[in-house]
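Listing of entry05.cif; format and content: mmCIF, C-alpha atoms.
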data_protein
loop_
_atom_site.label_atom_id
_atom_site.label_comp_id
_atom_site.auth_asym_id
_atom_site.auth_seq_id
_atom_site.Cartn_x
_atom_site.Cartn_y
_atom_site.Cartn_z
CA PRO A 36 -68.11 -15.19 -196.70
CA GLY A 37 -67.19 -18.84 -196.32
CA ALA A 38 -68.64 -19.16 -192.80
CA ASP A 39 -71.22 -21.88 -192.22
CA PRO A 40 -74.85 -20.91 -191.59
CA LEU A 41 -75.77 -20.48 -187.92
CA LEU A 42 -78.63 -22.28 -186.19
CA LEU A 43 -79.75 -20.66 -182.94
CA LEU A 44 -81.53 -22.82 -180.37
CA HIS A 45 -83.59 -21.82 -177.33
CA GLY A 46 -84.50 -23.51 -174.07
CA THR A 47 -87.32 -22.68 -171.64
CA PHE A 48 -87.69 -19.24 -173.20
CA TRP A 49 -87.94 -19.07 -177.02
CA SER A 50 -86.03 -17.60 -179.95
CA ARG A 51 -86.84 -14.09 -178.66
CA VAL A 52 -83.66 -14.37 -176.54
CA TRP A 53 -81.59 -13.97 -179.75
CA GLN A 54 -83.49 -10.97 -181.14
CA PRO A 55 -81.22 -8.26 -179.64
CA VAL A 56 -78.16 -9.64 -181.45
CA LEU A 57 -79.69 -10.99 -184.66
CA PRO A 58 -79.12 -7.83 -186.73
CA GLN A 59 -75.40 -7.87 -185.91
CA LEU A 60 -75.06 -11.62 -186.42
CA ALA A 61 -77.00 -11.51 -189.68
CA SER A 62 -74.69 -8.82 -191.05
CA ARG A 63 -72.00 -11.51 -191.39
CA LEU A 64 -73.75 -14.88 -191.04
CA HIS A 65 -76.80 -16.58 -192.53
CA CYS A 66 -78.87 -17.14 -189.36
CA TYR A 67 -81.82 -19.35 -188.52
CA ALA A 68 -83.40 -18.79 -185.08
CA LEU A 69 -85.50 -21.89 -184.50
CA ASP A 70 -88.58 -22.31 -182.31
CA PHE A 71 -89.29 -25.85 -181.18
CA PRO A 72 -92.87 -27.20 -181.49
CA GLY A 73 -95.25 -25.41 -179.16
CA PHE A 74 -92.76 -22.60 -178.49
CA GLY A 75 -92.42 -19.10 -179.89
CA ARG A 76 -94.03 -18.83 -183.31
CA SER A 77 -94.02 -22.57 -184.09
CA GLY A 78 -97.14 -24.69 -184.15
CA GLY A 79 -97.49 -28.16 -182.72
CA VAL A 80 -97.22 -29.38 -179.14
CA LEU A 81 -94.33 -30.93 -177.24
CA ALA A 82 -95.20 -33.95 -175.15
CA GLY A 83 -93.56 -36.82 -173.29
CA ALA A 84 -90.42 -38.29 -174.81
CA GLY A 85 -90.60 -35.77 -177.65
CA ALA A 86 -89.54 -33.02 -175.23
CA THR A 87 -86.22 -34.57 -174.17
CA VAL A 88 -82.83 -33.23 -175.22
CA PRO A 89 -82.13 -36.16 -177.59
CA ALA A 90 -85.56 -35.82 -179.23
CA LEU A 91 -85.18 -32.07 -179.67
CA ALA A 92 -81.70 -32.63 -181.11
CA ARG A 93 -83.28 -34.90 -183.73
CA ALA A 94 -85.87 -32.20 -184.46
CA ALA A 95 -83.14 -29.60 -184.97
CA LEU A 96 -81.25 -31.94 -187.30
CA GLN A 97 -84.41 -32.57 -189.30
CA THR A 98 -84.77 -28.81 -189.66
CA ALA A 99 -81.17 -28.57 -190.88
CA ASP A 100 -81.94 -31.31 -193.39
CA ALA A 101 -85.03 -29.44 -194.60
CA LEU A 102 -82.92 -26.30 -195.01
CA GLY A 103 -80.36 -28.24 -197.02
CA LEU A 104 -77.58 -27.68 -194.49
CA ASP A 105 -74.91 -30.37 -194.40
CA THR A 106 -72.65 -28.63 -191.89
CA PHE A 107 -73.48 -25.60 -189.78
CA ALA A 108 -72.46 -23.55 -186.77
CA LEU A 109 -74.67 -23.91 -183.74
CA ALA A 110 -75.52 -21.63 -180.81
CA GLY A 111 -77.66 -22.66 -177.86
CA HIS A 112 -79.08 -20.92 -174.81
CA ASP A 113 -80.36 -22.62 -171.65
CA ILE A 114 -81.67 -26.12 -172.50
CA GLY A 115 -81.00 -25.22 -176.12
CA GLY A 116 -77.34 -25.37 -175.14
CA GLY A 117 -77.82 -28.93 -173.92
CA ILE A 118 -79.43 -29.78 -177.26
CA ALA A 119 -76.52 -28.10 -179.05
CA GLN A 120 -74.00 -30.14 -177.08
CA HIS A 121 -75.85 -33.33 -178.03
CA ILE A 122 -75.77 -32.41 -181.73
CA ALA A 123 -72.09 -31.41 -181.59
CA ALA A 124 -71.14 -34.62 -179.81
CA HIS A 125 -72.99 -37.05 -182.06
CA SER A 126 -73.84 -35.64 -185.49
CA GLY A 127 -70.45 -34.79 -187.00
CA ARG A 128 -72.12 -31.81 -188.67
CA VAL A 129 -71.24 -28.92 -186.32
CA SER A 130 -68.28 -26.84 -187.46
CA ARG A 131 -68.28 -24.46 -184.49
CA LEU A 132 -70.32 -24.21 -181.31
CA VAL A 133 -71.46 -21.34 -179.07
CA LEU A 134 -73.01 -21.99 -175.65
CA MET A 135 -74.69 -19.01 -173.98
CA ASN A 136 -75.68 -19.43 -170.33
CA SER A 137 -76.36 -23.03 -171.14
CA VAL A 138 -77.20 -26.12 -169.16
CA MET A 139 -74.22 -28.48 -168.81
CA PHE A 140 -72.92 -31.23 -166.59
CA ASP A 141 -75.35 -31.43 -163.62
CA SER A 142 -76.23 -27.72 -163.57
CA TRP A 143 -79.91 -28.42 -164.24
CA PRO A 144 -82.83 -28.64 -163.83
CA VAL A 145 -83.18 -25.66 -161.51
CA PRO A 146 -85.90 -26.00 -158.82
CA ALA A 147 -88.44 -23.84 -160.68
CA VAL A 148 -88.24 -26.28 -163.59
CA GLU A 149 -87.75 -29.52 -161.67
CA ARG A 150 -91.09 -29.18 -159.89
CA PHE A 151 -92.86 -29.88 -163.19
CA ARG A 152 -91.64 -33.48 -163.13
CA ASP A 153 -94.67 -34.06 -160.91
CA PRO A 154 -97.60 -34.84 -163.24
CA LYS A 155 -100.01 -33.35 -160.70
CA VAL A 156 -98.18 -30.02 -160.92
CA ARG A 157 -98.31 -30.12 -164.71
CA THR A 158 -102.00 -30.95 -164.80
CA ALA A 159 -102.89 -28.23 -162.30
CA THR A 160 -100.91 -25.45 -164.02
CA THR A 161 -103.19 -22.88 -165.68
CA VAL A 162 -102.37 -20.35 -168.37
CA GLY A 163 -102.45 -17.58 -165.80
CA GLN A 164 -100.12 -19.40 -163.44
CA LEU A 165 -97.57 -20.13 -166.15
CA LEU A 166 -97.68 -16.53 -167.37
CA GLU A 167 -97.04 -15.32 -163.84
CA ALA A 168 -94.15 -17.75 -163.38
CA ARG A 169 -92.62 -16.89 -166.75
CA ALA A 170 -92.90 -13.17 -166.00
CA LYS A 171 -91.00 -13.69 -162.76
CA SER A 172 -88.33 -15.82 -164.45
CA THR A 173 -87.91 -13.39 -167.32
CA ARG A 174 -87.44 -10.43 -165.01
CA GLY A 175 -84.94 -12.45 -162.99
CA ALA A 176 -83.05 -13.47 -166.11
CA ILE A 177 -82.28 -9.89 -167.21
CA ALA A 178 -80.38 -7.31 -165.16
CA ARG A 179 -81.90 -4.25 -166.75
CA GLU A 180 -85.57 -3.43 -166.27
CA LEU A 181 -87.72 -4.59 -169.16
CA THR A 182 -90.41 -2.30 -170.51
CA ASP A 183 -94.00 -3.49 -170.32
CA GLU A 184 -93.94 -3.98 -174.09
CA GLU A 185 -90.81 -6.13 -173.94
CA LEU A 186 -92.20 -8.32 -171.17
CA THR A 187 -95.47 -8.71 -173.06
CA ASP A 188 -93.49 -9.84 -176.11
CA TYR A 189 -91.53 -12.40 -174.10
CA LEU A 190 -94.76 -13.81 -172.64
CA SER A 191 -96.73 -13.74 -175.90
CA PRO A 192 -96.36 -17.47 -176.77
CA TRP A 193 -97.96 -18.76 -173.56
CA HIS A 194 -101.57 -17.67 -173.84
CA SER A 195 -103.16 -21.04 -174.55
CA PRO A 196 -103.43 -24.37 -172.70
CA ALA A 197 -101.61 -26.15 -175.55
CA ARG A 198 -98.62 -23.83 -175.13
CA VAL A 199 -98.66 -24.45 -171.39
CA ARG A 200 -98.53 -28.19 -172.08
CA SER A 201 -95.50 -27.73 -174.35
CA TRP A 202 -93.61 -25.69 -171.77
CA THR A 203 -94.38 -28.06 -168.91
CA ALA A 204 -93.39 -31.03 -171.09
CA MET A 205 -89.95 -29.50 -171.69
CA ALA A 206 -89.64 -28.79 -167.98
CA ALA A 207 -90.68 -32.33 -167.05
CA ALA A 208 -88.13 -33.80 -169.48
CA ALA A 209 -85.23 -31.78 -168.03
CA ASP A 210 -82.63 -34.36 -166.98
CA SER A 211 -78.95 -33.69 -166.25
CA SER A 212 -78.03 -37.20 -167.40
CA HIS A 213 -78.48 -35.93 -170.95
CA THR A 214 -75.51 -33.58 -170.53
CA LEU A 215 -73.43 -35.61 -168.09
CA ASP A 216 -73.44 -38.55 -170.51
CA LEU A 217 -72.13 -36.29 -173.30
CA VAL A 218 -68.84 -35.36 -171.64
CA PRO A 219 -66.64 -38.12 -173.14
CA ALA A 220 -68.08 -37.54 -176.61
CA LEU A 221 -67.56 -33.77 -176.32
CA GLN A 222 -63.96 -34.29 -175.27
CA ALA A 223 -63.20 -36.52 -178.25
CA PRO A 224 -64.13 -34.43 -181.33
CA ALA A 225 -63.20 -31.12 -179.68
CA VAL A 226 -65.55 -29.00 -181.81
CA PRO A 227 -64.24 -25.42 -181.46
CA THR A 228 -66.51 -23.98 -178.78
CA ARG A 229 -66.98 -20.55 -177.26
CA LEU A 230 -68.97 -20.05 -174.08
CA VAL A 231 -70.53 -16.58 -173.80
CA TRP A 232 -71.85 -16.02 -170.29
CA GLY A 233 -73.65 -13.36 -168.31
CA ARG A 234 -71.51 -13.54 -165.20
CA ASP A 235 -74.36 -12.76 -162.78
CA ASP A 236 -76.64 -15.57 -163.92
CA GLY A 237 -78.57 -16.94 -160.95
CA PHE A 238 -79.93 -19.92 -162.90
CA GLN A 239 -76.86 -21.27 -164.71
CA LYS A 240 -73.86 -20.31 -162.58
CA ILE A 241 -70.69 -19.17 -164.29
CA ALA A 242 -68.73 -21.75 -162.28
CA PHE A 243 -70.12 -24.39 -164.65
CA ALA A 244 -68.86 -22.45 -167.67
CA ARG A 245 -65.41 -22.21 -166.12
CA ARG A 246 -65.47 -25.94 -165.44
CA TYR A 247 -66.45 -26.62 -169.06
CA VAL A 248 -63.41 -24.83 -170.47
CA ARG A 249 -61.17 -26.73 -168.06
CA GLU A 250 -62.57 -30.11 -169.05
CA ILE A 251 -63.55 -29.82 -172.72
CA PRO A 252 -60.69 -29.29 -175.22
CA GLY A 253 -61.04 -26.57 -177.81
CA SER A 254 -63.29 -24.36 -175.70
CA ASP A 255 -62.94 -20.85 -174.31
CA LEU A 256 -65.07 -18.45 -172.26
CA VAL A 257 -66.08 -14.84 -172.77
CA GLU A 258 -67.70 -13.34 -169.67
CA VAL A 259 -70.05 -10.40 -170.19
CA THR A 260 -72.14 -8.16 -167.98
CA GLY A 261 -75.59 -9.60 -167.42
CA ARG A 262 -77.68 -12.42 -166.07
CA HIS A 263 -79.26 -15.46 -167.74
CA ILE A 264 -80.16 -13.66 -170.99
CA PRO A 265 -77.05 -11.54 -171.64
CA THR A 266 -78.22 -10.64 -175.13
CA GLU A 267 -80.55 -8.20 -173.36
CA ASP A 268 -77.93 -6.79 -170.99
CA SER A 269 -74.82 -6.70 -173.23
CA PRO A 270 -75.95 -7.19 -176.84
CA ALA A 271 -72.88 -5.60 -178.44
CA ASP A 272 -70.47 -7.68 -176.35
CA VAL A 273 -72.39 -10.90 -176.98
CA ALA A 274 -72.57 -10.30 -180.72
CA ALA A 275 -68.87 -9.48 -180.88
CA ALA A 276 -67.97 -12.64 -178.95
CA VAL A 277 -70.14 -14.82 -181.19
CA LEU A 278 -68.89 -13.27 -184.43
CA GLY A 279 -65.30 -13.44 -183.21
CA HIS A 280 -65.70 -17.19 -182.91
CA LEU A 281 -67.85 -17.93 -185.94
CA ALA A 282 -66.81 -15.32 -188.48
CA PRO A 283 -63.21 -14.33 -187.67
#
Please rewrite the model in this file as structure tokens.
Amino acid sequence: PGADPLLLLHGTFWSRVWQPVLPQLASRLHCYALDFPGFGRSGGVLAGAGATVPALARAALQTADALGLDTFALAGHDIGGGIAQHIAAHSGRVSRLVLMNSVMFDSWPVPAVERFRDPKVRTATTVGQLLEARAKSTRGAIARELTDEELTDYLSPWHSPARVRSWTAMAAAADSSHTLDLVPALQAPAVPTRLVWGRDDGFQKIAFARRYVREIPGSDLVEVTGRHIPTEDSPADVAAAVLGHLAP
């Protein structure tokens, strides 16, 4: 009671990353797990400048407007964390922020994403190739072994050329300047921020999270067992860390 609604943002995966903790979060918070255009269960296609962090921040704010949310808490994973930082730095509407294994500073894009800056790579990528690459990344992002059904669910959005175009557009738009440029603005408003991090993440190293709490006022770090998607490896610990910050 009294806590702001929570918007949950994804990056190169989709809102499925939040599913393991949603029941616990929703027991105390009004939650909205968003899928950007061309991702998850959303229609549309991401392309060009519309796939950048600032553009996706505008899309998230438009969704908040449509939901009638003036202020809200915000949680972001992966590139969704970069989008969340942008909104927190510039909108004045974020009451509290959670960053889970998020991009920050110059931690991104990782090589598997950066290669899609090449338009020839994007054009040549087939549905089958993207599915294979996403399967490899998903397995590498989670310490425990996923069941066949779980992996199929994670891969379910990427079975059409339009969905491939959306994913490769987000990858092509990945640019660390979008988070590096935010640092002064993040330091100024000092939105209360909790970083929740799978300490064995091979994509977004925990050293960046530790740097964030040193440099950004009003932030702290909760390390949990797991890799890039710690909701799958330590759901109870992640949910407790998020609720401890957002619904104390």
With all atoms of segment 154-157 of chain A from the file as input, state the centre and edge lengths in Å to one decimal of the axis-aligned box that has 3 Å extra on each side, as lines of an AutoDock Vina configuration file.
center_x = -98.8
center_y = -32.4
center_z = -162.7
size_x = 8.4
size_y = 10.8
size_z = 10.0
Discussion item. What does the structure give for the distance between atom CA of Val88 of chain A and atom CA of Asn136 of chain A, in Å to one decimal?
Written reply: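 Distance reported for this atom pair: 16.3 Å.
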Practice prompt. Can you give me, as a PyMOL selection string, the residues this file yields under the PyMOL selection byres ((chain A and resi 86) around 12)?
Written response: chain A and resi 46-47+71-74+79-85+87-94+114-115+118+200-210
Worksheet item: Of the residues A:Ala68, A:Val248, A:Ala274, A:Ala168, which is the one nearest to Val199 of chain A, using all atoms listed in the file?
Response: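 Closest to Val199 of chain A of all the choices is A:Ala168.
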Practice prompt. Using the chain letters and residue numbers of this document, give as a PyMOL selection string the residues selected by the PyMOL selection byres ((chain A and resi 106-112) around 7).
Written response: chain A and resi 39-46+104-105+113-116+119+128-137
Output of the above residues as a CSV table (one decimal), in the frame of the given file, restricted to C-alpha atoms:
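Final output, again-v1.csv:
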chain,number,residue,atom,x,y,z
A,39,ASP,CA,-71.2,-21.9,-192.2
A,40,PRO,CA,-74.8,-20.9,-191.6
A,41,LEU,CA,-75.8,-20.5,-187.9
A,42,LEU,CA,-78.6,-22.3,-186.2
A,43,LEU,CA,-79.8,-20.7,-182.9
A,44,LEU,CA,-81.5,-22.8,-180.4
A,45,HIS,CA,-83.6,-21.8,-177.3
A,46,GLY,CA,-84.5,-23.5,-174.1
A,104,LEU,CA,-77.6,-27.7,-194.5
A,105,ASP,CA,-74.9,-30.4,-194.4
A,113,ASP,CA,-80.4,-22.6,-171.6
A,114,ILE,CA,-81.7,-26.1,-172.5
A,115,GLY,CA,-81.0,-25.2,-176.1
A,116,GLY,CA,-77.3,-25.4,-175.1
A,119,ALA,CA,-76.5,-28.1,-179.0
A,128,ARG,CA,-72.1,-31.8,-188.7
A,129,VAL,CA,-71.2,-28.9,-186.3
A,130,SER,CA,-68.3,-26.8,-187.5
A,131,ARG,CA,-68.3,-24.5,-184.5
A,132,LEU,CA,-70.3,-24.2,-181.3
A,133,VAL,CA,-71.5,-21.3,-179.1
A,134,LEU,CA,-73.0,-22.0,-175.6
A,135,MET,CA,-74.7,-19.0,-174.0
A,136,ASN,CA,-75.7,-19.4,-170.3
A,137,SER,CA,-76.4,-23.0,-171.1
Worksheet item: Restricting the calculation to only C-alpha atoms, which member of A:Leu278, A:Asp235, A:Gln120, A:Arg157 is positioned closest to Tyr247 of chain A?
Response: A:Gln120
Apply the PyMOL selection byres ((chain A and resi 147) around 10) to the displayed file and report the matching residues as a PDB file with C-alpha atoms, in the coordinates of the input.
ATOM      1  CA  PRO A 144     -82.830 -28.640-163.830  1.00  0.00           C
ATOM      2  CA  VAL A 145     -83.180 -25.660-161.510  1.00  0.00           C
ATOM      3  CA  PRO A 146     -85.900 -26.000-158.820  1.00  0.00           C
ATOM      4  CA  VAL A 148     -88.240 -26.280-163.590  1.00  0.00           C
ATOM      5  CA  GLU A 149     -87.750 -29.520-161.670  1.00  0.00           C
ATOM      6  CA  ARG A 150     -91.090 -29.180-159.890  1.00  0.00           C
ATOM      7  CA  PHE A 151     -92.860 -29.880-163.190  1.00  0.00           C
ATOM      8  CA  ALA A 168     -94.150 -17.750-163.380  1.00  0.00           C
ATOM      9  CA  SER A 172     -88.330 -15.820-164.450  1.00  0.00           C
ATOM     10  CA  ALA A 206     -89.640 -28.790-167.980  1.00  0.00           C
ATOM     11  CA  PHE A 238     -79.930 -19.920-162.900  1.00  0.00           C
TER      12      PHE A 238
END
Fill in: Which residue of A:Leu96, A:Ala38, A:Leu230, A:Ala271 approaches Ala244 of chain A most closely, using only C-alpha atoms
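Under the stated criterion, the closest residue is A:Leu230.
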Fill in: Between atom CA of Gln164 of chain A and atom CA of Trp193 of chain A, distance in Å (one decimal)
10.4 Å
Fill in: Length of the atom CA of Phe140 of chain A to atom CA of Leu215 of chain A vector [Å]
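Going from atom CA of Phe140 of chain A over to atom CA of Leu215 of chain A, I get 4.7 Å.
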Worksheet, complete the sentence: Counting all atoms listed in the file, closest pick from A:Pro227, A:Ala159, A:Gln239, A:Gly175 relative to Trp143 of chain A is A:Gln239
Worksheet entry | Given all atoms listed in the file as the counted atoms, nearest of A:Asp272, A:Ala282, A:Gly78, A:His263 to Arg179 of chain A |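 The closest residue to Arg179 of chain A is A:His263.
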Item to complete: Have a look at A:Ile122, A:Leu102, A:Ala197, A:Val226 and name the one nearest to Thr161 of chain A; count only C-alpha atoms.
Response: A:Ala197
Determine, counting all atoms listed in the file, which protein, DNA and RNA residues have an atom within 12 Å of an atom of Glu185 of chain A; residues of the same chain fewer than 2 positions away are not included. Present the result as an mmCIF file with C-alpha atoms, in the frame of the given file.
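Below is the file result30.cif, written as the result:
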data_model
loop_
_atom_site.group_PDB
_atom_site.id
_atom_site.type_symbol
_atom_site.label_atom_id
_atom_site.label_comp_id
_atom_site.auth_asym_id
_atom_site.auth_seq_id
_atom_site.Cartn_x
_atom_site.Cartn_y
_atom_site.Cartn_z
ATOM 1 C CA ARG A 51 -86.840 -14.090 -178.660
ATOM 2 C CA VAL A 52 -83.660 -14.370 -176.540
ATOM 3 C CA GLN A 54 -83.490 -10.970 -181.140
ATOM 4 C CA PRO A 55 -81.220 -8.260 -179.640
ATOM 5 C CA ALA A 170 -92.900 -13.170 -166.000
ATOM 6 C CA THR A 173 -87.910 -13.390 -167.320
ATOM 7 C CA ARG A 174 -87.440 -10.430 -165.010
ATOM 8 C CA ILE A 177 -82.280 -9.890 -167.210
ATOM 9 C CA ARG A 179 -81.900 -4.250 -166.750
ATOM 10 C CA GLU A 180 -85.570 -3.430 -166.270
ATOM 11 C CA LEU A 181 -87.720 -4.590 -169.160
ATOM 12 C CA THR A 182 -90.410 -2.300 -170.510
ATOM 13 C CA ASP A 183 -94.000 -3.490 -170.320
ATOM 14 C CA THR A 187 -95.470 -8.710 -173.060
ATOM 15 C CA ASP A 188 -93.490 -9.840 -176.110
ATOM 16 C CA TYR A 189 -91.530 -12.400 -174.100
ATOM 17 C CA LEU A 190 -94.760 -13.810 -172.640
ATOM 18 C CA SER A 191 -96.730 -13.740 -175.900
ATOM 19 C CA GLU A 267 -80.550 -8.200 -173.360
#
Discussion item. Would you pick out the contacts of Leu221 of chain A at 10 Å or less, using all atoms listed in the file, so that residues sharing its chain but fewer than 5 positions from it are not included, and give the list as a PyMOL selection string?
Written reply: chain A and resi 120-125+214+216+226+250-253
Output C-alpha atoms for every residue in that selection, as a PDB file, keeping the file's coordinate frame.
ATOM      1  CA  GLN A 120     -74.000 -30.140-177.080  1.00  0.00           C
ATOM      2  CA  HIS A 121     -75.850 -33.330-178.030  1.00  0.00           C
ATOM      3  CA  ILE A 122     -75.770 -32.410-181.730  1.00  0.00           C
ATOM      4  CA  ALA A 123     -72.090 -31.410-181.590  1.00  0.00           C
ATOM      5  CA  ALA A 124     -71.140 -34.620-179.810  1.00  0.00           C
ATOM      6  CA  HIS A 125     -72.990 -37.050-182.060  1.00  0.00           C
ATOM      7  CA  THR A 214     -75.510 -33.580-170.530  1.00  0.00           C
ATOM      8  CA  ASP A 216     -73.440 -38.550-170.510  1.00  0.00           C
ATOM      9  CA  VAL A 226     -65.550 -29.000-181.810  1.00  0.00           C
ATOM     10  CA  GLU A 250     -62.570 -30.110-169.050  1.00  0.00           C
ATOM     11  CA  ILE A 251     -63.550 -29.820-172.720  1.00  0.00           C
ATOM     12  CA  PRO A 252     -60.690 -29.290-175.220  1.00  0.00           C
ATOM     13  CA  GLY A 253     -61.040 -26.570-177.810  1.00  0.00           C
TER      14      GLY A 253
END
Worksheet item: Could you name the residues that touch Thr260 of chain A at 8 Å or less, counting all atoms listed in the file, but leaving out those on the same chain fewer than 5 positions away, as a ChimeraX atom specification?
Response: /A:233-235,265,268-269
